[in-house]
Amino acid sequence: MKEKIHPKYQETTATCACGAVYKIGSTKDNIRIDICSACHPLFTGKQKLMDTEGRVQKFQKKYANVKPKAKKKTAKKKKTSKKKTKK
């Protein structure tokens with residue numbers, strides 16, 4: 001291994017937006033994260049919607065009066081089987 005080319009690996013803290021603090025090993029100091037296992041919906045079982053720009057409401061307003069199109073019924077083709085005989 002070459003000397004003086006690798007970053008310094010150290011113990012640092014990772015702070016989540018929910019306030020949870022974890023001690024981890026990293027090459028960076030004091031990492032800030034948006035979501036962790038304490039607040040992630042997969043682990044908590046609670047759905048949390050983070051929509052700061054109102055995109056969900058904008059979508060719902062835009063498509064509130066739109067009705068889904070009815071599916072066209074297509075006639076199914078009958079399968080014909082041709083038997084091959086071996087000679």
# chains A, B, ... in the order shown; residues from 1 in each chain; ligands from 1

$ residues_around --residues "stretch 3-8 of chain A" --least-positions-apart "3" --cutoff "9 Å" --atoms "only C-alpha atoms" --output "PDB file with C-alpha atoms, in the first residue's frame"
ATOM      1  CA  SER A  26     -16.055   7.523   8.010  1.00  0.00           C
ATOM      2  CA  THR A  27     -13.549   9.671   6.179  1.00  0.00           C
ATOM      3  CA  LYS A  28     -15.769  12.752   6.702  1.00  0.00           C
TER       4      LYS A  28
END

$ residues_around --residues "A:Ile35" --least-positions-apart "4" --cutoff "10 Å" --atoms "only C-alpha atoms" --output "list in words"
Thr15, Cys16, Ala17, Cys18, Gly19, Ala20, Cys39, His40 and Pro41 of chain A

$ select_by_dssp --residues "stretch 8-71 of chain A" --states "strand (DSSP E or B)" --output "list in words"
Gln10, Glu11, Thr12, Thr13, Ala14, Thr15, Cys16, Val21, Tyr22, Lys23, Ile24, Gly25, Ser26, Ile31, Arg32 and Ile33 of chain A

$ select_by_dssp --residues "stretch 24-73 of chain A" --states "helix (DSSP H, G or I)" --output "list in words"
Pro41, Leu42, Phe43, Thr44, Arg55, Val56, Gln57, Lys58, Phe59, Gln60, Lys61 and Lys62 of chain A

$ atom_distance --atom1 "atom CA of A:Ile33" --atom2 "atom CA of A:Val21"
9.9 Å
